[in-house]
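As structure tokens, the structure follows; a few thoughts come after it.
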Amino acid sequence: MDAWDAFSSLVVMPIWMGAWAQLVGMPIAWLRLRKTPAWQNRPAGLRRLDLLARFMLKATALTILWGALIWAVAILGGLGFSGGALLVMLGGAPLLFVPWTVLRLDKSGFPGIVEKARKAREQKFAARR
């Protein structure tokens with residue numbers, strides 16, 4: 001791997017790892033939040049995907065950090081792991097810790113997330129006027 005490939009993979013990796021975390025975690029977050037009053041009574045105009053993404057931000061960040069760690073191991077020569085093993089660790093480990101992290105998140109903080117999203121949306125539209 002030359003320097004350009006290493007740099008470009010470092011730039012692209014957080015995007016893919018974040019997307020992977022959200023693909024794995026959002027259905028679990030939705031199942032946990034769908035019957036809460038904050039979810040059922042959320043203000044009109046707030047996108048459900050945005051609320052789910054904010055709720056599982058910790059799991060997404062953890063997945064991106066995991067990807068950076070595996071990237072660093074790969075750049076250092078793999079530390080004895082094959083390329084296939086590194087790929088399994090890169091994609092497979094989030095299959096374990098993203099659901100675990102999302103299931104451990106405290107649902108009682110979700111109304112605050114909804115309120116912050118509502119205020120941010122109002123400020124955004126007020127700035128346009």
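Residue numbers start at 1 in each chain; chains themselves are named A, B, ... in the order of the structure tokens; ligands are numbered from 1 in the order shown.
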Which residues are near Leu62 (chain A)? Cut-off 10 Å, only C-alpha atoms, ignore same chain within fewer than 2 positions. Put them as number ranges by chain.
A: 17-18, 21, 57-60, 64-68, 94, 97-98, 101
Can you tell me, as a ChimeraX atom specification, which residues in chain A count as alpha helix (DSSP H) by DSSP?
/A:3-33,37-40,48-55,57-75,83-104,110-128
Counting only C-alpha atoms, figure out which residue out of A:Ile70, A:Val12, A:Leu49, A:Leu33 gets nearest to Met89 (chain A).
A:Ile70
Find the spatial neighbours of Leu105 (chain A), counting only C-alpha atoms, within a cut-off of 10 Å - ignore same-chain residues fewer than 5 positions away - and output them as a list in words.
Ala29, Arg32, Phe55, Met56, Lys58, Ala59, Trp100 and Phe110 of chain A
So, with only C-alpha atoms as the atoms that count, which of A:Ser82, A:Val102, A:Glu115, A:Ala3 lies closest to Gln22 (chain A)?
A:Val102
Enter the distance from CA of Glu122 (chain A) to CA of Asn41 (chain A), in Å, rounded to one decimal.
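Between CA of Glu122 (chain A) and CA of Asn41 (chain A) the gap is 17.1 Å.
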